[in-house]
Amino acid sequence: MALISAWPLVSPVLFFLRCFSSSTASSEGSVFQFDIEGSSAVSTQEATVIRGQQQAVAPGSWVPFAEGCQEGFYRTSSGKCSPCNCNGNANRCLDGSGICVDCQRNTTGQHCEQCPDGFIGDAVRGVPTFCQPCPCPLPALANFAVSCYRKSGSVRCVCKENYAGPNCERCAPGYYGNPLLIGSTCKKCDCNGNSDPNLIFEDCDEVTGQCRNCLHHTTGFNCERCAPGYYGDARFAKNCTACNCGGRMCDSQTGECLADSPEVSTDTDCPTISCDKCIWDLTDDIRLSVLTIDESKSTLLSISTGVAAQRRLNDLNLTTIHLQEAMSKKKNHAMLWTIQVDDAADEMNDLLREAETLDEQGNEASSKGRLVQKETTEINNRASQLVQQLNNIRDNIEEINSKSKYYAIQQELSPEEIAQKRSVAEEMLKEIKRRKPFTNQRQLADEEENAAKELLQQIEAFHEKYNDTRSLVTDVLEQLSEQDVKLSDLEEALHQALDYVIQTEDINRENTARLQRQEKQHKKIKEQINEVNSTLLSATTILEGPQKVNSELGEVIKNASGFYAEIDGAKKELQEKIANLSLFDDDLVEKAMHHAHNLRRLADELDGNLYGVDSNGLVQRAINASNVYENIAGYIEEANKVASLALNTTNRVKDAAVGIDTQVIYHKGKSEELLIRAMQLQRTAHDSSSYTIADTSWQVNGTFARMSSLRSQLMRAIAKMQSAETEEARERLEQAQLKTAEAVSATTTVTQATTPMDENVKLWSQNLQDFQHNSEAYDSAVHSAGDAVQKLTEVFPQLLDKLRKVEQKAPANNISSSIQRIRELIAQTRSVASKVQVSMMFEGQSAVEVNPKINVEELKSFTSMSLYIKLHKDNPQLAASPDRFILYLGNKNAKHYIGLAIKNDNLVYIYNLGGQDVEIPLDAKPVSTWPSYFSIIKIERIGRHGKMFLTVPSLSSTAEEKFIKKGEVLGPGSLLNLEPENAVFYVGGVPPGFKLPPSLNLPGFIGCLELATLNDDVISLYNFKHIYNIDTTTSPPCARDKLAFTQSRAVSYFFDGSGYALARNIERRGKFSQVTRFDIEVRTPTDSGLILLMINGSMFFSLEMHNGFLYLRYDFGFSNGPMLLEDSMKKARINDAKFHEISIIYHNSKKMILVVDRRHIKSVDNERTAMPFTDIYIGGAPNEILHSSSISSHLAGSIGFKGCMKGFQFQKKDFNLLEEPGTLGISYGCPEDSLMSRNAYFNGESFIASSQKVSLFTEFEGGFNFRTLQPSGLLFYYSEGSDVLSISMERGAVVLNASGTKIQSPERNYNDGKTHFIITSVTPERYELTVDDKKQSKKNPAKDRAGKSPDSIKKFYFGGSPLRTQQANFTGCISNAYFTRLDQEVEVEDFQKYSEKVQASLYGCPVESPPVALLHKKGKNSSKAKGNRNKKVGRDKDKISQPSSGLKKLYQVNFQREPQCHLPMNPKATEHAYQFGGTANSRQEFDHIPKDFSQRAQFSISLKTHSSHGMIFYISDEKETNFMALFVAHGRLIFMFNAGHQKIRIKSQEKYNDGLWHNVIFIRGKNIGRLIIDGLRVLEESFDGNANTWQVTEPLYIGGVAPGKAVKNIQINSVYSFSGCLSNLQLNGRSLTSASQTFSVTPCYEGPSEAGTYFSSQGGYVVLDESFSLGLKFEVVFEIRPRSSSGILLHGHSVNGEYLNMHMRNGQVTVKLNNGIRDFSTSVTLKQSLCDGRWHRIAVIRDANVVQLDVDSEVNHVVGPLNPKATDHREPVFIGGVPESLLTSSLTTRNSFIGCIRNFMIDEKPVSFSKAALVSGAVSINTCPAA
């Protein structure tokens, strides 16, 4: 009864608590989502029972007290049954209170609304966010958190005492262990109390627990024993005491002295202060060594007492003494280190104490500041309230005013009444003013304001002190860090000092030996000096003869002086002609002078007369035009002065003649200017007044008079010249005579020009005199002209503005470019849709047609697909019809497809390759036994082999069940030939009208499906074309635990190269500080990609991967430009498909540090500048940013990252990249298929190799895809002893060579740039070769031979071989390779796992489409030769035969200097010398060989080089059995040839790569070989040979060989062209001058050079390799410095007649195109000459039919006709010239470019001409003459 009576008081309190708890809402969403189906505490059946019980007892119904409420209800205080409020987590609750009992699902609380400690989730909402164990670091399995909570989208753990880290993933200081290892815990470090007592925790290894710094003279894993040299109890008594044995060792426990050891001086004992652990370990080792020596000593003494034993003991004792001496030095160093460390520790303690004091002062100042701030805030609030009150009063006044007006109108008051009432109101206001009710408040407000100002001043003072304190803290921290750095530097310096001592000892020994050698050489030099002195004496006697000859020449010269007298006879005749000329010019000059003065006077008068008339500026303009006369007068005055100067300088005939020459030329120019001025005067005279024209006539007459005066002066000068006595040579007088004739001609021209002028002036004067002046008409004309000028003045600026807008306007975007932009947006949207990792619910009648973004060509030979699947087993339709369709990918005609279905309770994989279906049922795991959550299915097909995988994960652990089933096609088919226009991809079902093949014609799927990958690409159901009968609102997707399938707890993100993550305002997680740090882990197989990018205007920070290594570039506004930090030493390769941890550390705002996998890679210092960024792009960036002008030039490439990333941190703060709002196109997970390297690109110098258990000659099948443009190359190579199995390309055909049995494909067009599939099969009966399902076979001739050992490991090669083979290495792509092995199943080869990779790229395939057939394709050596793999060489792939007419045209040379060009057409060069070595196969080829060459071959040449290796001369027969060569190896000349099967090698002893000219003669006779160098060194070797058997054929190679040549006979380093000059080529006494073909050979230029590619006047061009092309959209930028004003710069030609040509013609740059419709072009002409000796930048931008040309700052563009059928052809690009046969008739400029080209870029990618496909003609790569 007492309980019942008290219940009404308790019930309201409990009701309030219940309401409060039920209103609490938990946060939604979780980073860790778990699949809870099948694991809930309340099952579906139980929920049904509960609902039934709730229906049986209605809420609120009254039940007798004795009966009690049913389960799920409780009795209230009123006796009624109410439902329990347990959030579905309990079925019982207490009567009266309703408190829940036995909470399930890891919940707690009165209403099961909370998660207990150690769990996280939402207990109220239930699945899928119910309470789960904290993932700290692993849920349930390894949870070491007291509790956890969610913050900013991620889980934060509150770790137990022993653990630390954001997710408790590591042990706390003082503990050790590995929390990430299941079953491992963190244990306390146990160092037996012998660690540093000043540390808060004992110092031990955080993983192993080994103690790091044992004190108190202890050592051991746990510091459990005394150190060497000490004894005692280290664990309990802790009394380790030094041994008292006089420096000897003692027992570590008893202290008993051990056996005698060599005495050590007391000054070398180790001090008792803290020694380095390394010293104690070394001491311990020495102690053991001493014990061993003592034991050995006693043993030896017991065995023998002979001399040998005694000597051995003495040696051992000496060794021990040396060791002790070394240890004493080490101990001394240790003592020094200890003293320095103690001093640093004292300084550090003082700094720490000062920092603590400053911190306390700062805290006090901060508290005072907060108090002042609080008071200031209160004052501010009071002032705000006061202002608000004043505003209210003002509003009230305005309201009263308005109401008074309204009242007057409403009451119809008269003005008198209004005035009366206003006066009453004014009286009231005056009364209010007199009272002054706000005076006291105003005083209070002023006082508070003054107080606030004082407080503000105090705050500012405190703030200054606080800032000073903070600045001191930073300095203290910097000093501490500097001390730390100094200590580390000291340690490094000590180590270096020890190394230097060792090095010094080695150097001393070497110097001693070198000194002895130098003394010997000194003696030899003395002997040579004596020989030189004797040689000089003989030379002196020899020089006496030339001196006599010199004296005789002097006499001859004296005799020659007599001939000069004959010249005087011609002098008089010349002087008479000059006199006649001067007589004519004298009058002309005098008239000109007189006329000039008159012109000036009349111009002044006219200016004064018209000054007042000029009202509108028209007359002033006429005056300005008339001032031309004054200019004429000025020029004539100058002529007069020059004439006077000539008069004063005619004392000698020689000077006078020179003066006449220069003056005549000068007057000729002035006369031409006079003629031009006079013509201008004629045009402007019409607009002048009649007075001006009349005066003009008079002035012209005066000009003639002045000219006559000048002529007379010249006559007098010539008379004086005639009277002068001179001694002039006949040759100079003849030259003066010619100049005089030119002067007479020029004077005649001036006279003829001025005579019509004089006549016109007289005519104008006569007409104006007859004209009757009419002032009104004149004024009218003047006014009308003024109006016209005024209108023109107004209109002209408008026209200029419009013209400027037109010039500045960019080329108009056409429709095609807009459509292209729309396509890019659609592609980007589909890329994002492909990454939606959400399932779809299928109900049996629904279907999705997926839009796969992969090319169907890539699915031909290899197809791989993975997906997630979950069945709805409780669906009644599934029970009635269990067989279900899952997916179909194939053609609409049900031929060539792959599919997936459920048949007979088995998952069945079905594929058809054109014949019969292949069905692979997975009977090991029936569908009925699958769990109720998602499983993973993967289907795969390689050729005719198929495979299916089923992975069933576990929710409670990372364990997985895996099932595999295989199958294969029995017929001939091996390719999945999908037609792009007919291929469909249906998932879950098909639309009503589609007919499935019989094997897949089943009802639609019931359950949830989610696509994962198709081949290497991520794919999603939400990237669909169509959906049928799907509504995600009524059929929501199934939840999937994405972390259930990963072996790592860290979240990974997948980037496919098109998306990126954007973290905005990164300082919300951490601040830029003294040490700024970025961390990220990446995993990728690709070569290049953008990792991090930050931009702020022109400032940027970019971290890229370039060719597999890191490339960091940044600019924070530095004065010296961007900084570069790259892994130039190749320390850390990133693209090995493994995770690498990358850290970027910016220290003290002045040092950038790059760390990979916790290993320092590189660092660089810059100006002290803070990072000016707020946002960061990860894995890529938008295209408009990557291609912007401010950043694109600084990036190594603009390629997005493809691969996986995880763990991105800024300042050690994590970011969830998918939750960032700016993220686009990335997804969770890290698909393994996307990280495989199934593709490899080979450049002709590369190969890859692996060693596996294979036997290709017993039972073998293998296949692979390939793409190439080259007709020949080695694809696959394998050997067992002498048996070789190879697959190669030979002249476009595929050839299988198995132990000499060759099978060749019938077709020869497999080098078309398309993908082809090869299958090779070897059985004991037959060899088979299948190319694109076309089979060829032959019998196996060795079927009875014994098989090789099947267990041996063999090496095989793709793309080539390092061995000497008949085929050159392959150029192109190989992908999707497979073959049968002895130790594993058939699967696609992952090239990333191959042990040997040489110059091969394992990502991407640059082979696109075939180029145009260059000329007639009659060249030799169509594939590259294998070369040295350690250095890059140029690519001279195909030697293109050129028509003779084209060669003649191409090689036409104009050796004259063009007048408009600053530089000569041909730089200064050594005559008849040629420069080789621009590319690896730089050479000249000669077709003519003398008939007697086989009998006697004698060749002479002059050379100079700095090369250590290289080919100079080579000739051989077709099989290279017979050959002769001269080459350089290690700087020495080697002459080599064969005599039968014997190779004769003659080698010089001295090196000749000294850069000096040397004459070399090498001879192959009938039975002797001879090498003669500089006529002083003769080396010869005889042999037995038959000349009739030694035959060679053309061509003869000079300077290098064609690709693939000479590899058989010459070492690989010397096969390539040598770098240097050759001249004076002679073969059997005849000069070799005209080469049949030339490749990258130029004249041997002298003088300075610079970087660039030089195209000489002899003609030539460069053909770029296949990785560069000019399509419908491109940008080409390069710089030129021409030496000729005309020439072809660039040319591209396609097979259908379309072309692009850029050329110069007379200094004008023109781009001309034909896009299949018609020709169109645009041109740019610079104001200055292109040929001015400077570099000029040229850019060409094409976008479909719009082409823009930019030359320096001049821009022009053209919009051509739009070709709707235009396709993007890949065509060869010619630079600097083009063969004549490729030029159309519309191209008028056909000669090659002459000059230099550098910085050539296509689409912002640098083009290296050294890697070009062909360098033809006289082109010098990488070196350009500068003068």
# chains A, B, ... in the order shown; residues from 1 in each chain; ligands from 1
call {"tool": "residues_around", "arguments": {"residues": "Ala461 (chain A)", "least_positions_apart": "3", "cutoff": "12 Å", "atoms": "only C-alpha atoms", "output": "PDB file with N, CA and C atoms, in the first residue's frame"}}
result
ATOM      1  N   ALA A 365      48.476  37.833 -18.812  1.00  0.00           N
ATOM      2  CA  ALA A 365      48.025  38.898 -19.719  1.00  0.00           C
ATOM      3  C   ALA A 365      46.746  38.498 -20.435  1.00  0.00           C
ATOM      4  N   SER A 366      46.644  37.244 -20.786  1.00  0.00           N
ATOM      5  CA  SER A 366      45.441  36.790 -21.484  1.00  0.00           C
ATOM      6  C   SER A 366      44.219  36.864 -20.596  1.00  0.00           C
ATOM      7  N   LYS A 368      43.765  38.907 -17.998  1.00  0.00           N
ATOM      8  CA  LYS A 368      43.403  40.322 -17.853  1.00  0.00           C
ATOM      9  C   LYS A 368      42.709  40.836 -19.104  1.00  0.00           C
ATOM     10  N   GLY A 369      43.205  40.419 -20.256  1.00  0.00           N
ATOM     11  CA  GLY A 369      42.579  40.862 -21.502  1.00  0.00           C
ATOM     12  C   GLY A 369      41.135  40.380 -21.614  1.00  0.00           C
ATOM     13  N   VAL A 372      38.977  42.556 -19.370  1.00  0.00           N
ATOM     14  CA  VAL A 372      38.735  43.864 -19.988  1.00  0.00           C
ATOM     15  C   VAL A 372      37.764  43.733 -21.157  1.00  0.00           C
ATOM     16  N   GLU A 454      40.082  53.954 -21.504  1.00  0.00           N
ATOM     17  CA  GLU A 454      41.210  53.558 -20.656  1.00  0.00           C
ATOM     18  C   GLU A 454      41.397  52.046 -20.672  1.00  0.00           C
ATOM     19  N   LEU A 455      40.267  51.348 -20.575  1.00  0.00           N
ATOM     20  CA  LEU A 455      40.372  49.875 -20.618  1.00  0.00           C
ATOM     21  C   LEU A 455      40.926  49.399 -21.955  1.00  0.00           C
ATOM     22  N   LEU A 456      40.510  50.066 -23.025  1.00  0.00           N
ATOM     23  CA  LEU A 456      41.025  49.674 -24.341  1.00  0.00           C
ATOM     24  C   LEU A 456      42.524  49.883 -24.428  1.00  0.00           C
ATOM     25  N   GLN A 457      43.003  50.999 -23.873  1.00  0.00           N
ATOM     26  CA  GLN A 457      44.447  51.221 -23.860  1.00  0.00           C
ATOM     27  C   GLN A 457      45.180  50.145 -23.068  1.00  0.00           C
ATOM     28  N   GLN A 458      44.577  49.786 -21.911  1.00  0.00           N
ATOM     29  CA  GLN A 458      45.193  48.717 -21.127  1.00  0.00           C
ATOM     30  C   GLN A 458      45.213  47.402 -21.905  1.00  0.00           C
ATOM     31  N   GLU A 464      50.132  43.855 -26.593  1.00  0.00           N
ATOM     32  CA  GLU A 464      51.507  43.987 -27.060  1.00  0.00           C
ATOM     33  C   GLU A 464      52.452  43.085 -26.256  1.00  0.00           C
ATOM     34  N   LYS A 465      52.239  43.097 -24.909  1.00  0.00           N
ATOM     35  CA  LYS A 465      53.076  42.214 -24.099  1.00  0.00           C
ATOM     36  C   LYS A 465      52.853  40.754 -24.494  1.00  0.00           C
ATOM     37  N   TYR A 466      51.588  40.423 -24.752  1.00  0.00           N
ATOM     38  CA  TYR A 466      51.274  39.033 -25.111  1.00  0.00           C
ATOM     39  C   TYR A 466      51.926  38.651 -26.455  1.00  0.00           C
ATOM     40  N   ASN A 467      51.867  39.575 -27.413  1.00  0.00           N
ATOM     41  CA  ASN A 467      52.512  39.301 -28.712  1.00  0.00           C
ATOM     42  C   ASN A 467      54.021  39.147 -28.562  1.00  0.00           C
ATOM     43  N   ASP A 468      54.611  40.038 -27.708  1.00  0.00           N
ATOM     44  CA  ASP A 468      56.041  39.907 -27.468  1.00  0.00           C
ATOM     45  C   ASP A 468      56.367  38.547 -26.876  1.00  0.00           C
TER      46      ASP A 468
END
call {"tool": "select_by_dssp", "arguments": {"residues": "region 1100-1154 of chain A", "states": "strand (DSSP E)", "output": "PyMOL selection string"}}
result
chain A and resi 1100-1106+1109-1115+1123-1126+1140-1147+1151-1154
call {"tool": "write_last_selection", "arguments": {"atoms": "C-alpha atoms", "output": "CSV table (one decimal), in the first residue's frame"}}
result
chain,number,residue,atom,x,y,z
A,1100,PHE,CA,51.2,27.5,-57.2
A,1101,PHE,CA,52.3,24.2,-55.6
A,1102,SER,CA,52.2,21.0,-57.6
A,1103,LEU,CA,53.3,17.5,-56.8
A,1104,GLU,CA,53.4,15.1,-59.8
A,1105,MET,CA,54.6,11.7,-60.7
A,1106,HIS,CA,56.7,11.9,-63.9
A,1109,PHE,CA,59.2,9.4,-59.9
A,1110,LEU,CA,58.1,12.4,-58.0
A,1111,TYR,CA,58.3,15.9,-59.4
A,1112,LEU,CA,57.6,18.8,-57.1
A,1113,ARG,CA,57.5,22.4,-58.4
A,1114,TYR,CA,56.2,25.5,-56.5
A,1115,ASP,CA,56.3,29.3,-56.5
A,1123,MET,CA,61.6,26.1,-57.3
A,1124,LEU,CA,62.0,22.5,-58.5
A,1125,LEU,CA,62.3,19.5,-56.3
A,1126,GLU,CA,62.5,16.2,-58.1
A,1140,HIS,CA,53.9,4.4,-50.9
A,1141,GLU,CA,53.7,7.0,-48.2
A,1142,ILE,CA,54.6,10.5,-49.5
A,1143,SER,CA,55.2,13.4,-47.1
A,1144,ILE,CA,55.8,17.0,-48.0
A,1145,ILE,CA,57.3,19.1,-45.1
A,1146,TYR,CA,57.7,22.8,-45.3
A,1147,HIS,CA,60.0,23.9,-42.5
A,1151,LYS,CA,62.8,24.7,-46.7
A,1152,MET,CA,60.8,22.1,-48.7
A,1153,ILE,CA,61.5,18.5,-47.8
A,1154,LEU,CA,60.3,15.4,-49.8
call {"tool": "residues_around", "arguments": {"residues": "region 1062-1072 of chain A", "least_positions_apart": "4", "cutoff": "6 Å", "atoms": "only C-alpha atoms", "output": "MDAnalysis selection string"}}
result
chainID A and resid 1076 1174:1177 1211 1220 1222:1223
call {"tool": "residues_around", "arguments": {"residues": "Met1465 (chain A)", "least_positions_apart": "2", "cutoff": "12 Å", "atoms": "only C-alpha atoms", "output": "PyMOL selection string"}}
result
chain A and resi 1453-1463+1467-1469+1654-1658+1681-1686+1731+1733+1793-1796+1825+1827
call {"tool": "atom_distance", "arguments": {"atom1": "CA of Val836 (chain A)", "atom2": "CA of Val984 (chain A)"}}
result
20.6 Å
call {"tool": "residues_around", "arguments": {"residues": "Gln340 (chain A)", "least_positions_apart": "5", "cutoff": "9 Å", "atoms": "only C-alpha atoms", "output": "PDB file with N, CA and C atoms, in the first residue's frame"}}
result
ATOM      1  N   MET A 335      83.637  10.473 -24.785  1.00  0.00           N
ATOM      2  CA  MET A 335      83.692  11.455 -23.690  1.00  0.00           C
ATOM      3  C   MET A 335      83.416  12.855 -24.225  1.00  0.00           C
ATOM      4  N   ALA A 345      72.251  19.998 -23.039  1.00  0.00           N
ATOM      5  CA  ALA A 345      71.102  19.731 -22.158  1.00  0.00           C
ATOM      6  C   ALA A 345      70.912  20.874 -21.164  1.00  0.00           C
ATOM      7  N   LEU A 487      73.295  19.167 -32.843  1.00  0.00           N
ATOM      8  CA  LEU A 487      73.703  17.892 -32.266  1.00  0.00           C
ATOM      9  C   LEU A 487      73.774  16.805 -33.323  1.00  0.00           C
TER      10      LEU A 487
END
call {"tool": "atom_distance", "arguments": {"atom1": "CA of Asp917 (chain A)", "atom2": "CA of Leu887 (chain A)"}}
result
15.4 Å
call {"tool": "residues_around", "arguments": {"residues": "Ala1298 (chain A)", "least_positions_apart": "5", "cutoff": "12 Å", "atoms": "only C-alpha atoms", "output": "count of residues only"}}
result
32
call {"tool": "residues_around", "arguments": {"residues": "Gly1057 (chain A)", "least_positions_apart": "5", "cutoff": "9 Å", "atoms": "only C-alpha atoms", "output": "list of chain:residue names"}}
result
A:Gly1089, A:Gly1179, A:Gly1180, A:Ile1199, A:Gly1200, A:Phe1201, A:Lys1202, A:Gly1203
call {"tool": "closest_residue", "arguments": {"among": "A:Glu940, A:Met1171, A:Lys925, A:Tyr911", "to": "Thr863 (chain A)", "atoms": "only C-alpha atoms"}}
result
A:Glu940
call {"tool": "closest_residue", "arguments": {"among": "A:Lys1566, A:His322, A:Arg287, A:Arg1630", "to": "Ile1489 (chain A)", "atoms": "only C-alpha atoms"}}
result
A:Arg1630
call {"tool": "atom_distance", "arguments": {"atom1": "CA of Phe1499 (chain A)", "atom2": "CA of Ala1635 (chain A)"}}
result
15.9 Å
